[in-house]
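S.K.: Input structure: query_39.cif, which contains mmCIF, C-alpha atoms.
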data_target
loop_
_atom_site.label_atom_id
_atom_site.label_comp_id
_atom_site.auth_asym_id
_atom_site.auth_seq_id
_atom_site.Cartn_x
_atom_site.Cartn_y
_atom_site.Cartn_z
CA MET E 5 -24.95 17.61 -2.40
CA GLU E 6 -21.85 16.72 -0.39
CA THR E 7 -22.26 15.08 3.02
CA SER E 8 -20.46 16.98 5.76
CA VAL E 9 -17.89 15.24 7.92
CA ASN E 10 -15.97 16.21 11.04
CA CYS E 11 -12.25 16.94 10.94
CA PRO E 12 -10.57 14.30 13.15
CA PHE E 13 -8.20 16.97 14.55
CA CYS E 14 -10.26 20.08 15.33
CA HIS E 15 -13.75 18.55 14.88
CA LEU E 16 -14.81 21.31 12.50
CA THR E 17 -17.63 20.20 10.16
CA LEU E 18 -16.67 20.51 6.49
CA PRO E 19 -17.58 19.07 3.09
CA PRO E 20 -15.38 16.05 2.28
CA SER E 21 -13.67 17.79 -0.65
CA GLN E 22 -12.49 20.66 1.55
CA LEU E 23 -11.38 18.35 4.32
CA GLU E 24 -9.30 16.31 1.91
CA SER E 25 -7.84 19.02 -0.27
CA ARG E 26 -7.04 21.81 2.16
CA HIS E 27 -8.19 21.61 5.75
CA ALA E 28 -6.79 18.26 6.89
CA ASN E 29 -3.43 18.96 5.28
CA SER E 30 -3.20 22.29 7.08
CA HIS E 31 -2.74 20.38 10.32
CA PHE E 32 0.51 18.97 8.95
CA ASP E 33 2.32 22.20 8.17
CA GLU E 34 4.15 22.20 11.48
CA ASP E 35 7.78 21.21 11.92
CA ASP E 36 8.51 17.50 11.48
CA GLY E 37 9.43 16.80 15.07
CA VAL E 38 10.59 13.41 16.24
CA ALA E 39 9.90 10.13 14.45
CA GLU E 40 7.15 9.18 16.88
CA LYS E 41 5.28 12.36 16.04
CA ASP E 42 5.64 11.62 12.33
CA GLU E 43 4.16 8.17 12.89
CA GLN E 44 1.15 9.69 14.64
CA LEU E 45 0.72 12.31 11.93
CA ALA E 46 0.74 9.61 9.28
CA ARG E 47 -1.91 7.64 11.16
CA ASP E 48 -4.02 10.78 11.56
CA LEU E 49 -3.72 11.57 7.86
CA GLU E 50 -4.82 8.04 7.05
CA LEU E 51 -7.88 8.56 9.24
CA ALA E 52 -8.60 11.90 7.58
CA GLN E 53 -8.42 10.26 4.18
CA GLN E 54 -10.84 7.52 5.25
CA LEU E 55 -13.32 10.09 6.50
CA SER E 56 -13.03 12.23 3.37
CA ILE E 57 -13.97 9.51 0.87
CA PRO E 58 -17.71 8.98 0.45
CA PRO E 59 -18.85 5.47 -0.44
CA PRO E 60 -18.65 4.89 -4.21
CA SER E 61 -22.42 4.68 -4.53
CA SER E 62 -22.82 8.19 -3.13
CA THR E 63 -20.03 9.93 -5.05
CA PHE E 64 -21.34 10.45 -8.54
CA THR E 65 -22.88 8.57 -11.43
CA LEU E 66 -21.98 8.87 -15.08
CA GLN E 67 -25.23 8.49 -16.97
CA GLU E 68 -25.18 6.06 -19.89
CA ASN E 69 -27.03 8.50 -22.12
CA ASN E 70 -24.47 11.26 -21.57
CA THR E 71 -22.02 11.99 -24.37
CA MET E 72 -18.35 11.18 -23.87
CA ASP E 73 -17.54 14.89 -23.50
CA GLU E 74 -20.23 15.26 -20.85
CA LYS E 75 -18.94 12.28 -18.91
CA ILE E 76 -15.38 13.58 -19.00
CA SER E 77 -16.48 17.09 -18.00
CA CYS E 78 -18.43 15.67 -15.07
CA LEU E 79 -15.49 13.56 -13.96
CA ILE E 80 -13.06 16.49 -14.15
CA SER E 81 -15.33 18.71 -12.07
CA LEU E 82 -16.02 16.13 -9.36
CA GLN E 83 -12.68 14.35 -8.95
CA TYR E 84 -10.42 15.26 -6.05
CA ARG E 85 -6.79 14.64 -5.29
CA SER E 86 -5.68 11.58 -3.41
CA SER E 87 -4.35 12.14 0.10
CA PHE E 88 -0.89 10.88 0.89
CA TYR E 89 1.91 11.55 3.35
CA HIS E 90 4.03 14.42 2.01
CA VAL E 91 7.73 13.89 2.60
CA LYS E 92 9.05 17.18 3.95
CA PHE E 93 12.38 17.20 2.15
CA PRO E 94 13.31 19.01 -1.09
CA GLY E 95 13.01 16.50 -3.89
CA GLY E 96 11.14 13.98 -1.71
CA LEU E 97 12.11 10.35 -1.31
CA ILE E 98 14.22 10.26 -4.48
CA SER E 99 16.49 13.01 -3.18
CA LEU E 100 16.79 11.24 0.16
CA LEU E 101 17.64 8.00 -1.64
CA SER E 102 20.21 9.80 -3.79
CA ASN E 103 21.83 11.26 -0.66
CA CYS E 104 22.15 7.80 0.88
CA PHE E 105 23.93 6.48 -2.18
CA GLU E 106 26.19 9.55 -2.29
CA LEU E 107 27.34 8.74 1.23
CA ASP E 108 28.39 5.28 0.02
CA ALA E 109 32.14 5.25 -0.57
CA ASP E 110 31.95 2.37 -3.06
CA THR E 111 33.36 3.87 -6.28
CA ASN E 112 32.49 0.70 -8.21
CA THR E 113 28.81 1.55 -7.97
CA THR E 114 26.64 3.48 -10.40
CA VAL E 115 23.06 4.39 -9.51
CA LEU E 116 20.45 5.56 -12.01
CA LEU E 117 17.25 7.07 -10.61
CA SER E 118 14.05 8.53 -11.98
CA GLY E 119 13.17 12.04 -10.88
CA TYR E 120 10.63 13.07 -8.26
CA VAL E 121 8.03 10.49 -7.23
CA ASP E 122 5.40 10.66 -4.50
CA HIS E 123 4.90 7.42 -2.58
CA PHE E 124 1.28 6.30 -2.29
CA GLN E 125 0.77 3.66 0.36
CA SER E 126 -2.16 1.26 0.57
CA LEU E 127 -4.46 1.91 3.51
CA ALA E 128 -5.58 -0.92 5.76
CA SER E 129 -9.25 0.06 5.77
CA GLU E 130 -9.43 1.25 2.16
CA ASP E 131 -7.42 -0.76 -0.38
CA ALA E 132 -5.07 -3.14 1.43
CA GLY E 133 -4.91 -6.45 -0.39
CA TRP E 134 -6.24 -5.19 -3.73
CA GLY E 135 -5.21 -1.58 -4.38
CA CYS E 136 -1.50 -1.90 -5.15
CA GLY E 137 -2.06 -1.49 -8.89
CA TRP E 138 -3.93 1.78 -8.39
CA ARG E 139 -1.25 3.04 -6.01
CA ASN E 140 1.47 2.36 -8.57
CA ILE E 141 -0.51 4.25 -11.21
CA GLN E 142 -0.67 7.13 -8.74
CA MET E 143 3.11 7.00 -8.26
CA LEU E 144 3.77 7.07 -12.00
CA SER E 145 1.24 9.89 -12.36
CA SER E 146 2.96 11.98 -9.68
CA HIS E 147 6.21 11.71 -11.62
CA LEU E 148 4.60 12.61 -14.94
CA LEU E 149 2.84 15.62 -13.44
CA SER E 150 6.13 16.83 -11.94
CA HIS E 151 8.40 16.26 -14.94
CA ARG E 152 6.41 16.38 -18.15
CA HIS E 153 4.45 19.49 -19.01
CA ASP E 154 2.94 17.82 -22.07
CA ALA E 155 1.58 15.02 -19.89
CA SER E 156 0.34 17.30 -17.11
CA GLU E 157 -1.81 19.22 -19.61
CA LEU E 158 -3.59 16.01 -20.60
CA LEU E 159 -3.63 13.73 -17.57
CA PHE E 160 -6.95 13.65 -15.72
CA GLY E 161 -8.35 16.56 -17.68
CA GLY E 162 -5.39 18.82 -16.94
CA SER E 163 -6.30 18.90 -13.24
CA GLY E 164 -2.64 18.99 -12.20
CA PHE E 165 -3.11 16.47 -9.39
CA VAL E 166 -3.32 12.71 -8.85
CA PRO E 167 -6.95 11.63 -8.32
CA ASP E 168 -8.09 9.20 -5.67
CA ILE E 169 -8.74 5.55 -6.54
CA PRO E 170 -12.51 5.83 -7.23
CA PHE E 171 -11.82 8.50 -9.84
CA LEU E 172 -8.98 6.52 -11.38
CA GLN E 173 -11.49 3.70 -11.72
CA ARG E 174 -13.79 6.08 -13.60
CA TRP E 175 -10.92 7.16 -15.86
CA LEU E 176 -10.26 3.51 -16.70
CA GLU E 177 -13.91 3.03 -17.63
CA ILE E 178 -13.68 6.14 -19.84
CA ALA E 179 -10.60 4.64 -21.51
CA TRP E 180 -12.51 1.41 -22.17
CA GLU E 181 -15.46 3.34 -23.59
CA LYS E 182 -13.04 5.13 -25.93
CA GLY E 183 -11.95 1.72 -27.22
CA PHE E 184 -8.70 1.16 -25.32
CA ASP E 185 -8.10 -2.47 -24.29
CA ALA E 186 -11.42 -3.93 -25.44
CA LEU E 187 -10.46 -7.39 -24.17
CA GLY E 188 -9.68 -6.09 -20.70
CA SER E 189 -12.92 -4.15 -20.65
CA HIS E 190 -14.83 -7.30 -21.57
CA HIS E 191 -13.10 -9.25 -18.80
CA PHE E 192 -14.30 -6.71 -16.21
CA ASN E 193 -17.74 -6.43 -17.83
CA ASN E 194 -16.87 -2.79 -18.62
CA SER E 195 -17.01 -1.76 -14.96
CA VAL E 196 -14.53 -1.39 -12.08
CA TYR E 197 -15.88 1.65 -10.24
CA GLY E 198 -16.44 0.93 -6.56
CA SER E 199 -15.01 -2.59 -6.87
CA LYS E 200 -11.98 -4.26 -5.30
CA HIS E 201 -10.82 -5.92 -8.49
CA TRP E 202 -7.10 -6.38 -8.91
CA ILE E 203 -5.67 -4.54 -11.87
CA GLY E 204 -2.30 -4.73 -13.59
CA THR E 205 -0.14 -3.58 -16.47
CA THR E 206 -2.90 -3.69 -19.10
CA GLU E 207 -5.13 -1.40 -17.08
CA CYS E 208 -2.18 0.89 -16.32
CA ALA E 209 -1.36 1.09 -20.03
CA ALA E 210 -5.01 1.65 -20.99
CA ILE E 211 -5.38 4.64 -18.65
CA PHE E 212 -2.18 6.35 -19.78
CA ARG E 213 -2.74 5.56 -23.45
CA SER E 214 -6.20 7.10 -23.31
CA PHE E 215 -4.47 10.43 -22.60
CA GLY E 216 -2.08 9.96 -25.50
CA LEU E 217 0.89 8.67 -23.51
CA ARG E 218 3.00 5.95 -25.11
CA ALA E 219 2.61 3.29 -22.44
CA ARG E 220 4.04 -0.11 -23.43
CA ILE E 221 4.21 -3.55 -21.81
CA VAL E 222 7.00 -6.11 -21.60
CA ASP E 223 6.49 -9.71 -20.44
CA PHE E 224 9.27 -11.83 -18.92
CA GLY E 225 8.96 -15.57 -18.42
CA PRO E 226 10.02 -19.07 -19.49
CA LYS E 227 9.46 -20.09 -23.09
CA GLU E 228 6.91 -22.74 -22.18
CA LEU E 229 4.63 -20.06 -20.67
CA GLN E 230 4.87 -17.65 -23.58
CA SER E 231 1.37 -18.51 -24.82
CA PHE E 232 -0.07 -17.20 -21.55
CA PHE E 233 1.10 -13.61 -22.16
CA LEU E 234 -0.22 -10.93 -22.32
CA SER E 235 -2.14 -11.66 -19.12
CA VAL E 236 -5.71 -10.39 -18.77
CA PRO E 237 -6.10 -8.92 -16.22
CA GLY E 238 -5.76 -8.77 -12.45
CA THR E 239 -2.24 -9.74 -13.45
CA SER E 240 -2.54 -12.97 -11.57
CA LEU E 241 -1.11 -14.41 -14.77
CA ASN E 242 -3.72 -17.12 -14.59
CA PRO E 243 -3.51 -19.40 -17.65
CA PRO E 244 -7.21 -20.34 -17.73
CA VAL E 245 -8.13 -16.66 -18.02
CA VAL E 246 -5.32 -15.69 -20.35
CA THR E 247 -5.22 -18.50 -22.87
CA ALA E 248 -8.24 -17.51 -24.95
CA ASN E 249 -7.12 -13.94 -25.44
CA ALA E 250 -3.33 -14.08 -25.37
CA SER E 251 -2.72 -14.65 -29.07
CA ASP E 252 -5.18 -11.94 -30.06
CA LYS E 253 -3.64 -9.39 -27.73
CA ARG E 254 -0.04 -10.11 -28.68
CA LYS E 255 -0.15 -10.64 -32.41
CA ALA E 256 0.28 -6.98 -33.40
CA PHE E 257 3.83 -5.95 -32.54
CA GLN E 258 5.18 -2.48 -33.23
CA VAL E 259 8.75 -1.20 -33.28
CA TYR E 260 8.90 2.42 -32.11
CA GLY E 261 12.52 3.02 -31.11
CA PRO E 262 15.71 1.72 -29.50
CA MET E 263 13.97 0.11 -26.54
CA ASP E 264 11.63 -1.91 -28.72
CA ARG E 265 14.42 -2.79 -31.11
CA TYR E 266 16.45 -4.09 -28.20
CA LEU E 267 13.49 -6.29 -27.29
CA VAL E 268 13.10 -7.47 -30.86
CA GLY E 269 16.77 -8.33 -30.98
CA ARG E 270 16.42 -10.65 -28.04
CA ASN E 271 13.49 -12.53 -29.52
CA THR E 272 13.87 -12.18 -33.29
CA ASP E 273 16.51 -13.27 -35.76
CA VAL E 274 18.76 -10.35 -36.62
CA SER E 275 17.98 -11.01 -40.28
CA GLN E 276 14.34 -10.18 -39.53
CA LEU E 277 15.07 -6.94 -37.73
CA ASP E 278 15.67 -4.74 -40.77
CA SER E 279 12.44 -5.80 -42.43
CA ILE E 280 10.48 -5.05 -39.28
CA VAL E 281 12.09 -1.63 -38.90
CA ASN E 282 11.64 -0.81 -42.59
CA ASP E 283 7.97 -1.75 -42.47
CA GLN E 284 7.48 0.56 -39.52
CA SER E 285 9.45 3.41 -41.11
CA GLN E 286 6.79 3.70 -43.80
CA SER E 287 4.23 4.79 -41.22
CA SER E 288 3.93 8.47 -40.32
CA THR E 289 3.04 7.53 -36.75
CA ASN E 290 6.40 5.97 -35.95
CA TYR E 291 8.28 7.27 -32.98
CA VAL E 292 11.98 6.94 -32.25
CA ALA E 293 12.67 7.32 -28.53
CA GLY E 294 15.37 9.84 -27.73
CA GLY E 295 15.83 10.70 -31.40
CA SER E 296 17.98 7.63 -31.99
CA ASP E 297 17.52 5.20 -34.84
CA HIS E 298 20.26 2.70 -34.03
CA SER E 299 19.44 -0.93 -33.28
CA MET E 300 19.84 -2.27 -29.77
CA ALA E 301 19.89 -5.85 -31.02
CA THR E 302 23.58 -6.48 -30.39
CA ARG E 303 24.07 -4.49 -27.20
CA PHE E 304 23.49 -7.53 -24.98
CA PRO E 305 23.98 -11.27 -25.56
CA ARG E 306 20.85 -13.08 -26.75
CA LYS E 307 20.66 -15.38 -23.77
CA LYS E 308 21.06 -14.48 -20.13
CA GLU E 309 20.78 -16.74 -17.15
CA GLY E 310 17.36 -16.70 -15.55
CA HIS E 311 16.04 -13.39 -14.30
CA GLN E 312 19.22 -11.53 -15.26
CA VAL E 313 17.48 -10.57 -18.51
CA LEU E 314 14.97 -8.50 -16.54
CA LEU E 315 17.74 -6.68 -14.68
CA ASP E 316 19.57 -6.04 -17.96
CA TRP E 317 16.40 -4.62 -19.46
CA VAL E 318 15.82 -2.27 -16.53
CA TRP E 319 19.44 -1.07 -16.63
CA ASN E 320 19.16 -0.47 -20.35
CA TYR E 321 15.89 1.41 -19.85
CA PHE E 322 17.30 3.88 -17.33
CA SER E 323 20.65 4.31 -19.10
CA GLU E 324 19.37 4.70 -22.69
CA GLU E 325 17.97 8.21 -22.36
CA SER E 326 20.26 11.21 -22.22
CA LEU E 327 21.00 12.02 -18.59
CA THR E 328 20.25 15.27 -16.84
CA THR E 329 22.98 17.14 -15.06
CA SER E 330 20.95 18.15 -12.02
CA VAL E 331 22.43 15.31 -9.99
CA GLN E 332 25.61 13.79 -11.36
CA ASN E 333 27.97 13.78 -8.41
CA ARG E 334 30.27 10.81 -8.75
CA HIS E 335 28.10 7.75 -9.14
CA VAL E 336 24.46 8.84 -8.72
CA VAL E 337 22.57 10.13 -11.75
CA ILE E 338 19.00 11.38 -12.07
CA THR E 339 17.71 10.30 -15.49
CA ASN E 340 14.83 11.45 -17.67
CA ARG E 341 13.08 8.10 -17.40
CA VAL E 342 9.59 7.57 -16.00
CA PRO E 343 9.38 4.97 -13.17
CA LEU E 344 8.33 1.44 -14.13
CA TYR E 345 5.14 -0.36 -13.14
CA PHE E 346 6.48 -3.74 -11.94
CA GLN E 347 4.02 -6.65 -11.78
CA HIS E 348 4.18 -10.26 -10.68
CA ASP E 349 1.70 -12.80 -9.42
CA GLY E 350 -0.19 -11.28 -6.50
CA HIS E 351 1.47 -7.87 -6.17
CA SER E 352 2.85 -4.87 -8.03
CA ARG E 353 5.40 -2.21 -7.15
CA THR E 354 7.13 0.79 -8.71
CA ILE E 355 10.76 0.65 -9.90
CA VAL E 356 12.36 4.09 -9.44
CA GLY E 357 15.90 3.17 -10.41
CA ILE E 358 18.66 0.60 -10.50
CA GLN E 359 22.07 0.14 -8.89
CA PHE E 360 25.00 -1.33 -10.81
CA ARG E 361 28.09 -2.65 -9.04
CA ARG E 362 31.15 -4.21 -10.61
CA GLN E 363 32.20 -7.07 -8.36
CA GLN E 364 35.81 -8.12 -7.79
CA ASN E 365 35.40 -11.04 -10.17
CA GLY E 366 34.26 -8.61 -12.86
CA VAL E 367 30.68 -9.85 -12.86
CA PRO E 368 28.09 -7.03 -12.81
CA GLN E 369 25.61 -7.02 -9.94
CA TYR E 370 22.29 -5.20 -10.19
CA ASN E 371 19.80 -4.11 -7.55
CA LEU E 372 16.36 -2.83 -8.47
CA LEU E 373 15.30 0.22 -6.45
CA ILE E 374 11.64 -0.14 -5.62
CA LEU E 375 8.86 1.77 -3.88
CA ASP E 376 6.27 -0.65 -2.52
CA PRO E 377 2.68 0.50 -1.85
CA ALA E 378 2.60 -1.97 1.05
CA HIS E 379 5.24 0.03 2.93
CA ARG E 380 4.44 3.02 5.10
CA THR E 381 5.73 6.27 3.65
CA VAL E 382 6.78 7.58 7.04
CA ALA E 383 8.92 4.48 7.61
CA LEU E 384 10.59 4.94 4.23
CA GLU E 385 11.29 8.58 4.96
CA ARG E 386 12.71 7.87 8.42
CA SER E 387 14.99 5.08 7.23
CA LEU E 388 16.38 7.27 4.43
CA ARG E 389 16.85 10.28 6.69
CA GLU E 390 18.72 8.14 9.21
CA ASN E 391 20.51 6.17 6.48
CA ALA E 392 19.60 3.00 8.33
CA GLY E 393 17.34 0.14 7.31
CA TRP E 394 16.32 1.57 3.95
CA LYS E 395 18.13 -1.07 1.89
CA LYS E 396 15.83 -3.86 3.04
CA LEU E 397 12.84 -1.71 2.07
CA ILE E 398 14.03 -0.46 -1.33
CA LYS E 399 16.85 -2.62 -2.78
CA ARG E 400 15.95 -5.87 -4.56
CA GLY E 401 18.66 -8.06 -6.09
CA ALA E 402 18.46 -10.93 -8.55
CA HIS E 403 18.07 -13.43 -5.70
CA THR E 404 14.71 -11.84 -4.78
CA LEU E 405 13.22 -12.43 -8.24
CA LYS E 406 11.66 -15.80 -7.53
CA LYS E 407 8.44 -15.57 -9.52
CA PRO E 408 8.27 -17.43 -12.84
CA GLN E 409 6.71 -14.48 -14.67
CA TYR E 410 6.98 -10.69 -14.51
CA GLN E 411 5.53 -7.73 -16.39
CA LEU E 412 6.69 -4.15 -16.78
CA CYS E 413 4.80 -1.13 -18.04
CA TYR E 414 6.94 1.77 -19.22
CA ILE E 415 6.10 5.12 -20.78
CA ASP E 416 8.08 6.55 -23.69
CA PRO E 417 8.41 10.30 -24.29
CA GLY E 418 6.02 12.21 -26.49
CA ILE E 419 2.27 12.37 -27.07
CA ALA E 420 0.45 10.22 -29.60
CA ILE E 421 -2.07 11.77 -31.97
CA GLY E 422 -4.15 10.70 -34.95
CA GLU E 423 -3.53 7.24 -36.30
CA GLU E 424 -1.06 6.39 -33.55
CA MET E 425 -3.80 6.89 -30.95
CA GLU E 426 -5.89 4.34 -32.82
CA GLN E 427 -2.97 1.90 -32.80
CA LEU E 428 -2.54 2.36 -29.06
CA LYS E 429 -6.08 1.15 -28.40
CA LYS E 430 -4.95 -2.45 -28.87
CA ILE E 431 -2.90 -3.50 -25.85
CA ASP E 432 -0.15 -5.94 -26.78
CA SER E 433 3.22 -6.80 -25.32
CA VAL E 434 6.73 -7.95 -26.10
CA PHE E 435 7.78 -11.30 -24.65
CA ILE E 436 11.34 -11.84 -23.35
CA GLU E 437 12.38 -15.35 -22.41
CA PHE E 438 14.01 -16.10 -19.06
#
Let me see the structure of the file written as structure tokens.

M.R.:
Amino acid sequence: METSVNCPFCHLTLPPSQLESRHANSHFDEDDGVAEKDEQLARDLELAQQLSIPPPSSTFTLQENNTMDEKISCLISLQYRSSFYHVKFPGGLISLLSNCFELDADTNTTVLLSGYVDHFQSLASEDAGWGCGWRNIQMLSSHLLSHRHDASELLFGGSGFVPDIPFLQRWLEIAWEKGFDALGSHHFNNSVYGSKHWIGTTECAAIFRSFGLRARIVDFGPKELQSFFLSVPGTSLNPPVVTANASDKRKAFQVYGPMDRYLVGRNTDVSQLDSIVNDQSQSSTNYVAGGSDHSMATRFPRKKEGHQVLLDWVWNYFSEESLTTSVQNRHVVITNRVPLYFQHDGHSRTIVGIQFRRQQNGVPQYNLLILDPAHRTVALERSLRENAGWKKLIKRGAHTLKKPQYQLCYIDPGIAIGEEMEQLKKIDSVFIEF
């Protein structure tokens, strides 16, 4: 039985699910007003969200003796959507960001963006300091639900919305019970519900893979640290934790399409590439992203200086897919690519695009375009609307990449079935040397 709570605006007593899903949001259907009003509305929504979430121990319990189908059915019926600040602009933050770049007169710039993404910010009294990984999963989920009908039918039981963190934690436990990422499950003792454990790319991949999505992981770092990848988990990239499991998690490498072949080309002798591709072509579960079967091995030089390899990879990721024509005015393009889960020691963010600029000396300059769960959504919206101050919140150049190790989780098109689903249960990664 749900515990009733009072609406912080009109003081009406309601069940938490109604307060969160309908009633509280109804107070925000008025006109935007001035920025100060938006700030207050965002704070009020944060309070409403805090009030609408029962403590984990009182939410629901999945009984150990229940079948998997019963557990999933229970989770689908009890989960509720996560509250967040809705940007009142057609196309949301991505459209606002696109508009800002369109106003830039620099014709030497090309900007590639993902489509619609909702920004989920960490809340000071709920998940600040530990919830960034969950918030990034929510951001990727919002994009998938908006752009991919095949994914929306499967994600979170076909609910059509992004669940709150406690329910995402339950979905991760379901993924573990199905056999996805057994090593990660063991590390967490098979339980994360109600905890404040940090999560990272492996947990992100496990959740999405459990629904049949082709989530994959790429590690970036110096050669001498290669043995510490793939990190498990919390993505603190802590060698004492990682060492024992790294070789087991990384030994099975698959080539599925141009993106993976590009990665192989950077870390494998070209003479070995054909044999790897041929071996994979004999499997009926192979997938070629974008319908292309050409090798990416020679598109970029083998060695790049420092973190430039990461920027090259991100540019290649967003530019490889065929581009939509919905936004292609001059130098801003909305692509078909899913945003990237971007992890480093201590924090994770979501990459929603990349900016390329040809400098006067001919050297290309890249800026990652990032949504950070630590930022307030209302501040992001205001800076983009006013076209002032947004660059320091969203743009990140090569000089900002100061960590020795990074991880990305990306999602390829299509849905895995049959034997491919079994292959996806083992979480491994591709290592790219800085």

S.K.: Write out as a list of chain:residue names each polymer residue whose atoms come within 8 Å of segment 366-383 of chain E, counting only C-alpha atoms; drop sequence neighbours fewer than 6 positions from it.

M.R.: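 Once the adjacent positions are removed, what remains is E:Asp42, E:Glu43, E:Ala46, E:Tyr89, E:Val91, E:His123, E:Phe124, E:Gln125, E:Ser126, E:Ala132, E:Cys136, E:Arg139, E:Asn140, E:Leu315, E:Ser352, E:Arg353, E:Thr354, E:Ile355, E:Val356, E:Gly357, E:Ile358, E:Gln359, E:Phe360, E:Leu397, E:Ile398, E:Lys399, E:Arg400, E:Gly401, E:Ala402.
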
S.K.: Create the file for the chosen residues now, containing C-alpha atoms and written as a compact mmCIF listing (two decimals), keeping the file's coordinate frame.

M.R.:
# COMPACT_ATOMS: atom_id res chain seq x y z
CA ASP E 42 5.64 11.62 12.33
CA GLU E 43 4.16 8.17 12.89
CA ALA E 46 0.74 9.61 9.28
CA TYR E 89 1.91 11.55 3.35
CA VAL E 91 7.73 13.89 2.60
CA HIS E 123 4.90 7.42 -2.58
CA PHE E 124 1.28 6.30 -2.29
CA GLN E 125 0.77 3.66 0.36
CA SER E 126 -2.16 1.26 0.57
CA ALA E 132 -5.07 -3.14 1.43
CA CYS E 136 -1.50 -1.90 -5.15
CA ARG E 139 -1.25 3.04 -6.01
CA ASN E 140 1.47 2.36 -8.57
CA LEU E 315 17.74 -6.68 -14.68
CA SER E 352 2.85 -4.87 -8.03
CA ARG E 353 5.40 -2.21 -7.15
CA THR E 354 7.13 0.79 -8.71
CA ILE E 355 10.76 0.65 -9.90
CA VAL E 356 12.36 4.09 -9.44
CA GLY E 357 15.90 3.17 -10.41
CA ILE E 358 18.66 0.60 -10.50
CA GLN E 359 22.07 0.14 -8.89
CA PHE E 360 25.00 -1.33 -10.81
CA LEU E 397 12.84 -1.71 2.07
CA ILE E 398 14.03 -0.46 -1.33
CA LYS E 399 16.85 -2.62 -2.78
CA ARG E 400 15.95 -5.87 -4.56
CA GLY E 401 18.66 -8.06 -6.09
CA ALA E 402 18.46 -10.93 -8.55

S.K.: Could you spell out the hits of the PyMOL selection byres ((chain E and resi 217) around 7) on the shown file, as a VMD selection string?

M.R.: chain E and resid 212 to 213 215 to 216 218 to 219 415 418 to 420

S.K.: Determine the residue set returned by the PyMOL selection byres ((chain E and resi 162) around 12) for the present structure, and present it as a compact mmCIF listing (two decimals) with C-alpha atoms, in the coordinates of the input.

M.R.:
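To be explicit, this is the file written out as out.txt:
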# COMPACT_ATOMS: atom_id res chain seq x y z
CA ILE E 76 -15.38 13.58 -19.00
CA SER E 77 -16.48 17.09 -18.00
CA LEU E 79 -15.49 13.56 -13.96
CA ILE E 80 -13.06 16.49 -14.15
CA SER E 81 -15.33 18.71 -12.07
CA GLN E 83 -12.68 14.35 -8.95
CA LEU E 148 4.60 12.61 -14.94
CA LEU E 149 2.84 15.62 -13.44
CA HIS E 153 4.45 19.49 -19.01
CA ASP E 154 2.94 17.82 -22.07
CA ALA E 155 1.58 15.02 -19.89
CA SER E 156 0.34 17.30 -17.11
CA GLU E 157 -1.81 19.22 -19.61
CA LEU E 158 -3.59 16.01 -20.60
CA LEU E 159 -3.63 13.73 -17.57
CA PHE E 160 -6.95 13.65 -15.72
CA GLY E 161 -8.35 16.56 -17.68
CA SER E 163 -6.30 18.90 -13.24
CA GLY E 164 -2.64 18.99 -12.20
CA PHE E 165 -3.11 16.47 -9.39
CA VAL E 166 -3.32 12.71 -8.85
CA PRO E 167 -6.95 11.63 -8.32
CA PHE E 215 -4.47 10.43 -22.60

S.K.: Can you list what the PyMOL selection byres ((chain E and resi 200) around 12) grabs from this structure, as a VMD selection string?

M.R.: chain E and resid 60 130 to 138 169 to 170 173 192 195 to 199 201 to 203 238

S.K.: Take atom CA of Leu428 of chain E and atom CA of Gly350 of chain E and report the distance between them in Å, one decimal.

M.R.: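 Spanning atom CA of Leu428 of chain E to atom CA of Gly350 of chain E is a straight-line distance of 26.5 Å.
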
S.K.: Could you tell me how far atom CA of Leu344 of chain E sits from atom CA of Leu100 of chain E, in Å to one decimal place?

M.R.: 19.3 Å

S.K.: Any idea what's packed within 6 Å of segment 181-189 of chain E, counting all atoms listed in the file, ignoring anything in its chain fewer than 6 positions away? Could you give it as a PyMOL selection string?

M.R.: chain E and resi 210+429-431

S.K.: Between atom CA of Arg152 of chain E and atom CA of Arg174 of chain E, what is the spacing in Å?

M.R.: 23.1 Å

S.K.: Show me as a PDB file with C-alpha atoms, in the frame of the given file the residues that reach within 7 Å of (10.3, 10.7, 3.0), counting only C-alpha atoms and using the file's own coordinates.

M.R.:
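Written output follows (result_9.pdb):
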ATOM      1  CA  VAL E  91       7.730  13.890   2.600  1.00  0.00           C
ATOM      2  CA  LYS E  92       9.050  17.180   3.950  1.00  0.00           C
ATOM      3  CA  PHE E  93      12.380  17.200   2.150  1.00  0.00           C
ATOM      4  CA  GLY E  96      11.140  13.980  -1.710  1.00  0.00           C
ATOM      5  CA  LEU E  97      12.110  10.350  -1.310  1.00  0.00           C
ATOM      6  CA  THR E 381       5.730   6.270   3.650  1.00  0.00           C
ATOM      7  CA  VAL E 382       6.780   7.580   7.040  1.00  0.00           C
ATOM      8  CA  LEU E 384      10.590   4.940   4.230  1.00  0.00           C
ATOM      9  CA  GLU E 385      11.290   8.580   4.960  1.00  0.00           C
ATOM     10  CA  ARG E 386      12.710   7.870   8.420  1.00  0.00           C
TER      11      ARG E 386
END

S.K.: Out of E:Asp168, E:Ile178, E:Phe105, E:Glu228, which residue has the shortest atom-to-atom distance to Leu82 of chain E when counting all atoms listed in the file?

M.R.: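 Of E:Asp168, E:Ile178, E:Phe105, E:Glu228, the one nearest Leu82 of chain E is E:Asp168, counting all atoms listed in the file.
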
S.K.: Please identify all polymer residues within 10 Å of Gln411 of chain E, counting all atoms listed in the file, omitting same-chain residues fewer than 5 positions from it, and present them as an MDAnalysis selection string.

M.R.: chainID E and resid 204:206 221:225 233:235 239 241 314 344:349 352 433:436
